[in-house]
Every structure is written in structure tokens, then in C-alpha cells.
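Peer 1: Following this message is one structure expressed as C-alpha cells.
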Amino acid sequence: MTVEIRPQHADEADAAMRVICAAFGAEGTKVVDVWAAVVARGLDRAQLVAVGNDDLVVGHVGLSHGWLDARRALVDVLVLSPLGVAPDRQAAGIGTALLAAAVVEAERLGAPMVVLEGDPGYYSRRGWVPGAEHGIEAPSARVPGPAFQVVLLEGHEEWMTGRVVYREVWWEHDATGLRDPLLAQVEGVLTRRSRPAAPRWQGAPGR
């Protein structure tokens with residue numbers, strides 16, 4: 001089955017939410033609630049979907065507004081979250097394709113960078129790097145350093161360093177970083193650098 005990556009149509013919102021919910025398993029309902037709140041407040045900047053030749057939505061990625069609190073100015077940036085693929089279509093390259101398309105869309109929108117929280121093993125193989133390598137700080141100390149990933153775009157300038165600030169919706173839903181005991185578990189995995197099935201974050205703050 002071939003898959004097309006394109007902007008989400010208005011009548012595909014429910015289908016996209018079902019994919020997000022299924023992709024995140026036990027955390028699916030929370031991720032859906034957060035993203036629904038982001039959209040309701042008009043903070044989303046792009047939603048892309050993966051659609052099979054049967055016209056069914058099998059993947060989704062969202063970009064929303066955030067800030068970089070640089071010394072010179074407050075900079076508008078994009079936060080990539082959530083990234084989800086239907087469980088029966090995972091490990092087929094759809095997530096990779098959605099991720100690449102989201103970066104292209106962010107460039108088109110004129111963003112200087114895109115940030116996310118996610119499995120560093122997954123994202124580093126797809127061109128993302130820890131924010132610390134470019135002086136970009138996570139919005140919370142509860143985000144393990146290697147997991148806070150960034151892609152710099154054409155609009156980035158050298159002075160654009162500092163802490164990323166998420167919009168209030170992420171804090172209201174306690175969806176920023178991780179909390180113990182999961183935080184301690186993830187930190188232990190990252191410290192040992194032996195990656196047994198670590199908790200799966202696919203680009204959603206708090207996952």
C-alpha cells in the first residue's frame with residue numbers, strides 16, 4: 001500500500017485523533033486531550049497526515065507555536081508534537097516520512113527551528129540533534145538532555161540560543177517532560193546507553 005503525506009483536511013480531524021490515540025497506547029487519551037486543546041486555542045501551525053490508497057488516515061504529525069527566550073528577543077519557534085502512526089502500520093517508514101515532511105513545512109512557514117521531546121535513538125537517526133549542541137535549552141529540567149531534540153532551519157541565526165518556552169496548554173495538562181518514577185527510569189536508560197525498550201516518545205511533550 002502506498003502512502004501520501006499531505007496537509008490534513010478538515011473532515012479528517014476525528015480520524016487523525018483516532019490514530020494518535022491508538023499510537024500512544026495507554027497514554028493515548030491524554031495525548032489526544034492535549035492536542036485537542038492546542039487546536040482549540042488556535043496554537044497549531046500545521047497538521048500533516050499519512051493517507052493510504054484506501055483514503056484512510058494512518059499517520060499524523062502536528063506543529064504548534066512556542067517561543068525561544070533568547071537574550072536579544074523572544075523568537076517564535078515550532079514544537080513538533082504529536083507524531084503518531086497507526087499500530088498496524090508502524091515500522092514501515094511512515095513516521096520517518098511524516099517527520100521529514102514536518103521539517104519541510106516548518107521551513108515553508110519561516111520558522112528558525114523545530115524542537116521536540118523524544119527518543120534520541122529514533123530522532124538522531126533522522127537528522128535531529130540534542131538542543132544543547134546549539135545552546136537550546138529544554139523548557140523543564142524534567143526533560144532529559146539527550147531527549148530534547150532540535151532541527152535548525154534556514155531562518156536560524158547564531159544569537160538564537162536560550163530556553164524554549166512552551167505555551168500554557170502543555171503546562172495545564174502537565175504534559176511537559178516526565179515525572180518520577182518514569183523520569184528516573186528514562187534517565188537510567190540514557191545514562192547506561194544500552195537501550196532496552198525505553199518508554200516510547202514519538203514527539204509528544206510528556207511522552
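We label chains A, B, ... in the order they appear in the C-alpha cells, count residues from 1 in each chain, and number ligands from 1 in the order shown.
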Per residue of segment 90-207 of chain A within 12 Å of segment 5-22 of chain A, record the nearest atom pair and its distance in Å to one decimal, counting only C-alpha atoms, with rows in chain order and ascending residue number, as a Markdown table.

Peer 2:
| residue | atom | partner | partner_atom | distance |
| --- | --- | --- | --- | --- |
| A:Gln90 | CA | A:Ala22 | CA | 11.3 |
| A:Gly93 | CA | A:Ile5 | CA | 11.7 |
| A:Ile94 | CA | A:Ile5 | CA | 8.7 |
| A:Gly95 | CA | A:Ile5 | CA | 10.3 |
| A:Thr96 | CA | A:Ile5 | CA | 10.9 |
| A:Ala97 | CA | A:Ile5 | CA | 7.4 |
| A:Leu98 | CA | A:Ile5 | CA | 6.7 |
| A:Leu99 | CA | A:Ile5 | CA | 10.1 |
| A:Ala100 | CA | A:Ile5 | CA | 9.9 |
| A:Ala101 | CA | A:Ile5 | CA | 7.3 |
| A:Ala102 | CA | A:Ile5 | CA | 9.7 |
| A:Val104 | CA | A:Arg6 | CA | 11.5 |
| A:Glu105 | CA | A:Pro7 | CA | 9.5 |
| A:Gln202 | CA | A:Ile20 | CA | 10.2 |
| A:Gly203 | CA | A:Ile20 | CA | 11.3 |
| A:Ala204 | CA | A:Ile20 | CA | 10.3 |

Peer 1: From the DSSP assignment of the backbone, select every residue of segment 26-158 of chain A that is strand (DSSP E or B), and format the answer as an MDAnalysis selection string.

Peer 2: chainID A and resid 44:52 57:69 74:85 113:118 129:130 136:137 148:152

Peer 1: Only N, CA and C atoms, please: the residues just picked out, written as a compact mmCIF listing (two decimals), in the first residue's frame.

Peer 2:
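The resulting out20.txt:
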# COMPACT_ATOMS: atom_id res chain seq x y z
N ASP A 44 -2.07 25.53 16.87
CA ASP A 44 -1.48 24.65 15.86
C ASP A 44 -1.09 25.48 14.64
N ARG A 45 0.03 25.12 14.05
CA ARG A 45 0.51 25.82 12.86
C ARG A 45 0.48 24.94 11.63
N ALA A 46 0.46 23.63 11.82
CA ALA A 46 0.35 22.70 10.69
C ALA A 46 -0.03 21.33 11.23
N GLN A 47 -0.85 20.61 10.44
CA GLN A 47 -1.15 19.22 10.72
C GLN A 47 -1.02 18.47 9.40
N LEU A 48 -0.17 17.47 9.41
CA LEU A 48 0.04 16.63 8.23
C LEU A 48 -0.43 15.22 8.53
N VAL A 49 -0.95 14.56 7.52
CA VAL A 49 -1.39 13.19 7.70
C VAL A 49 -0.77 12.28 6.64
N ALA A 50 -0.67 11.01 6.98
CA ALA A 50 -0.29 9.97 6.03
C ALA A 50 -1.57 9.24 5.67
N VAL A 51 -1.86 9.17 4.38
CA VAL A 51 -3.10 8.57 3.91
C VAL A 51 -2.78 7.45 2.94
N GLY A 52 -3.38 6.27 3.17
CA GLY A 52 -3.17 5.14 2.28
C GLY A 52 -4.01 5.26 1.02
N VAL A 57 -6.65 7.50 7.02
CA VAL A 57 -5.54 8.17 7.71
C VAL A 57 -4.81 7.13 8.56
N VAL A 58 -3.51 7.00 8.33
CA VAL A 58 -2.72 6.02 9.09
C VAL A 58 -1.59 6.66 9.88
N GLY A 59 -1.43 7.98 9.75
CA GLY A 59 -0.39 8.68 10.49
C GLY A 59 -0.70 10.15 10.58
N HIS A 60 -0.12 10.81 11.58
CA HIS A 60 -0.38 12.24 11.80
C HIS A 60 0.83 12.86 12.50
N VAL A 61 1.10 14.11 12.16
CA VAL A 61 2.10 14.89 12.89
C VAL A 61 1.60 16.32 13.02
N GLY A 62 1.84 16.92 14.17
CA GLY A 62 1.40 18.28 14.40
C GLY A 62 2.56 19.21 14.74
N LEU A 63 2.44 20.45 14.31
CA LEU A 63 3.38 21.51 14.66
C LEU A 63 2.59 22.62 15.34
N SER A 64 3.10 23.10 16.46
CA SER A 64 2.41 24.17 17.18
C SER A 64 3.39 25.25 17.60
N HIS A 65 2.83 26.35 18.07
CA HIS A 65 3.64 27.53 18.39
C HIS A 65 4.31 27.42 19.75
N GLY A 66 5.55 27.87 19.80
CA GLY A 66 6.29 28.03 21.04
C GLY A 66 7.20 29.23 20.90
N TRP A 67 7.99 29.50 21.95
CA TRP A 67 8.95 30.59 21.90
C TRP A 67 10.34 30.10 22.28
N LEU A 68 11.34 30.83 21.82
CA LEU A 68 12.71 30.70 22.32
C LEU A 68 13.02 32.00 23.04
N ASP A 69 13.35 31.89 24.31
CA ASP A 69 13.65 33.07 25.12
C ASP A 69 15.12 33.42 24.99
N LEU A 74 12.45 37.60 22.00
CA LEU A 74 11.62 36.40 22.10
C LEU A 74 11.34 35.94 20.67
N VAL A 75 11.71 34.69 20.37
CA VAL A 75 11.66 34.18 19.00
C VAL A 75 10.54 33.15 18.86
N ASP A 76 9.73 33.28 17.83
CA ASP A 76 8.70 32.29 17.54
C ASP A 76 9.35 31.04 16.96
N VAL A 77 9.06 29.88 17.56
CA VAL A 77 9.58 28.62 17.07
C VAL A 77 8.42 27.63 16.96
N LEU A 78 8.70 26.46 16.43
CA LEU A 78 7.68 25.43 16.30
C LEU A 78 8.03 24.21 17.15
N VAL A 79 6.99 23.65 17.77
CA VAL A 79 7.12 22.44 18.57
C VAL A 79 6.47 21.30 17.80
N LEU A 80 7.22 20.23 17.59
CA LEU A 80 6.69 19.07 16.88
C LEU A 80 6.13 18.09 17.90
N SER A 81 4.83 17.92 17.86
CA SER A 81 4.15 17.01 18.78
C SER A 81 2.65 17.13 18.54
N PRO A 82 1.97 16.00 18.41
CA PRO A 82 2.45 14.63 18.47
C PRO A 82 2.82 14.09 17.09
N LEU A 83 3.56 13.00 17.10
CA LEU A 83 3.85 12.23 15.89
C LEU A 83 3.34 10.82 16.17
N GLY A 84 2.36 10.38 15.39
CA GLY A 84 1.78 9.06 15.65
C GLY A 84 1.46 8.32 14.37
N VAL A 85 1.63 7.01 14.42
CA VAL A 85 1.32 6.12 13.29
C VAL A 85 0.45 4.98 13.82
N MET A 113 13.58 27.18 13.71
CA MET A 113 13.91 25.87 14.27
C MET A 113 12.65 25.13 14.65
N VAL A 114 12.79 23.82 14.79
CA VAL A 114 11.73 22.96 15.32
C VAL A 114 12.33 22.18 16.49
N VAL A 115 11.56 22.07 17.57
CA VAL A 115 12.03 21.33 18.74
C VAL A 115 11.03 20.23 19.07
N LEU A 116 11.50 19.23 19.78
CA LEU A 116 10.62 18.16 20.25
C LEU A 116 11.24 17.44 21.43
N GLU A 117 10.41 16.68 22.13
CA GLU A 117 10.88 15.74 23.13
C GLU A 117 10.66 14.35 22.58
N GLY A 118 11.71 13.54 22.57
CA GLY A 118 11.54 12.22 22.01
C GLY A 118 12.74 11.32 22.21
N VAL A 129 19.27 16.63 16.49
CA VAL A 129 20.39 16.63 17.44
C VAL A 129 19.91 17.20 18.77
N PRO A 130 20.59 16.87 19.88
CA PRO A 130 20.21 17.45 21.17
C PRO A 130 20.30 18.97 21.11
N ILE A 136 20.34 25.44 22.88
CA ILE A 136 18.89 25.48 23.03
C ILE A 136 18.51 24.64 24.25
N GLU A 137 17.90 25.27 25.24
CA GLU A 137 17.57 24.60 26.49
C GLU A 137 16.12 24.13 26.50
N PHE A 148 15.80 16.11 24.37
CA PHE A 148 15.30 17.38 23.83
C PHE A 148 16.03 17.66 22.53
N GLN A 149 15.33 17.45 21.42
CA GLN A 149 15.94 17.44 20.10
C GLN A 149 15.54 18.67 19.28
N VAL A 150 16.41 19.05 18.35
CA VAL A 150 16.17 20.25 17.55
C VAL A 150 16.67 20.05 16.13
N VAL A 151 15.98 20.71 15.21
CA VAL A 151 16.46 20.88 13.84
C VAL A 151 16.50 22.37 13.57
N LEU A 152 17.67 22.88 13.17
CA LEU A 152 17.80 24.29 12.82
C LEU A 152 17.48 24.49 11.35

Peer 1: Mind checking DSSP for chain A and telling me the helix (DSSP H, G or I) residues as a ChimeraX atom specification?

Peer 2: /A:10-23,25-40,87-89,94-108,120-124,131-134,145-147,168-172,182-192

Peer 1: When you look at Trp170 of chain A with a cut-off of 9 Å (counting only C-alpha atoms), what residues show up, excluding the ones that are within fewer than 2 positions of it in the same chain? I need them as a list in words.

Peer 2: Val34, Val38, Tyr166, Arg167, Glu168, Glu172, His173, Asp174, Ala175, Thr176, Pro205 and Gly206 of chain A

Peer 1: Any chance you can output those residues with C-alpha atoms as a short mmCIF file (atom, residue, chain, number, x, y, z; two decimals), in the first residue's frame?

Peer 2:
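Done, and the output landed in selection15.cif:
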data_model
loop_
_atom_site.label_atom_id
_atom_site.label_comp_id
_atom_site.auth_asym_id
_atom_site.auth_seq_id
_atom_site.Cartn_x
_atom_site.Cartn_y
_atom_site.Cartn_z
CA VAL A 34 -3.59 17.92 24.87
CA VAL A 38 -3.79 23.09 21.29
CA TYR A 166 6.01 26.05 25.72
CA ARG A 167 2.57 27.61 25.50
CA GLU A 168 0.42 27.35 28.62
CA GLU A 172 -2.10 22.96 32.22
CA HIS A 173 -2.14 19.32 31.10
CA ASP A 174 1.15 18.50 32.89
CA ALA A 175 2.46 17.38 29.52
CA THR A 176 5.97 18.81 29.70
CA PRO A 205 5.87 16.53 25.25
CA GLY A 206 5.41 14.34 28.24
#

Peer 1: Would you please work out which residue, of A:Ala73, A:Ala86, A:Arg126, A:Gly135, is nearest to Thr161 of chain A when using only C-alpha atoms?

Peer 2: A:Gly135

Peer 1: One decimal, Å: what's the distance from atom CA of Arg108 of chain A over to atom CA of Tyr123 of chain A, could you say?

Peer 2: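 Separating atom CA of Arg108 of chain A from atom CA of Tyr123 of chain A is a distance of 21.0 Å.
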
Peer 1: Quick one: of A:Ala70, A:Ala147, A:Leu190, A:Leu153, who's nearest to Gly131 of chain A, counting only C-alpha atoms?

Peer 2: A:Ala147

Peer 1: So that I can check the surroundings of Pro139 of chain A, please list as a PyMOL selection string every protein, DNA and RNA residue that reaches within 9 Å of it, counting only C-alpha atoms and ignoring chain neighbours fewer than 4 positions away.

Peer 2: chain A and resi 143+163-166+176-177
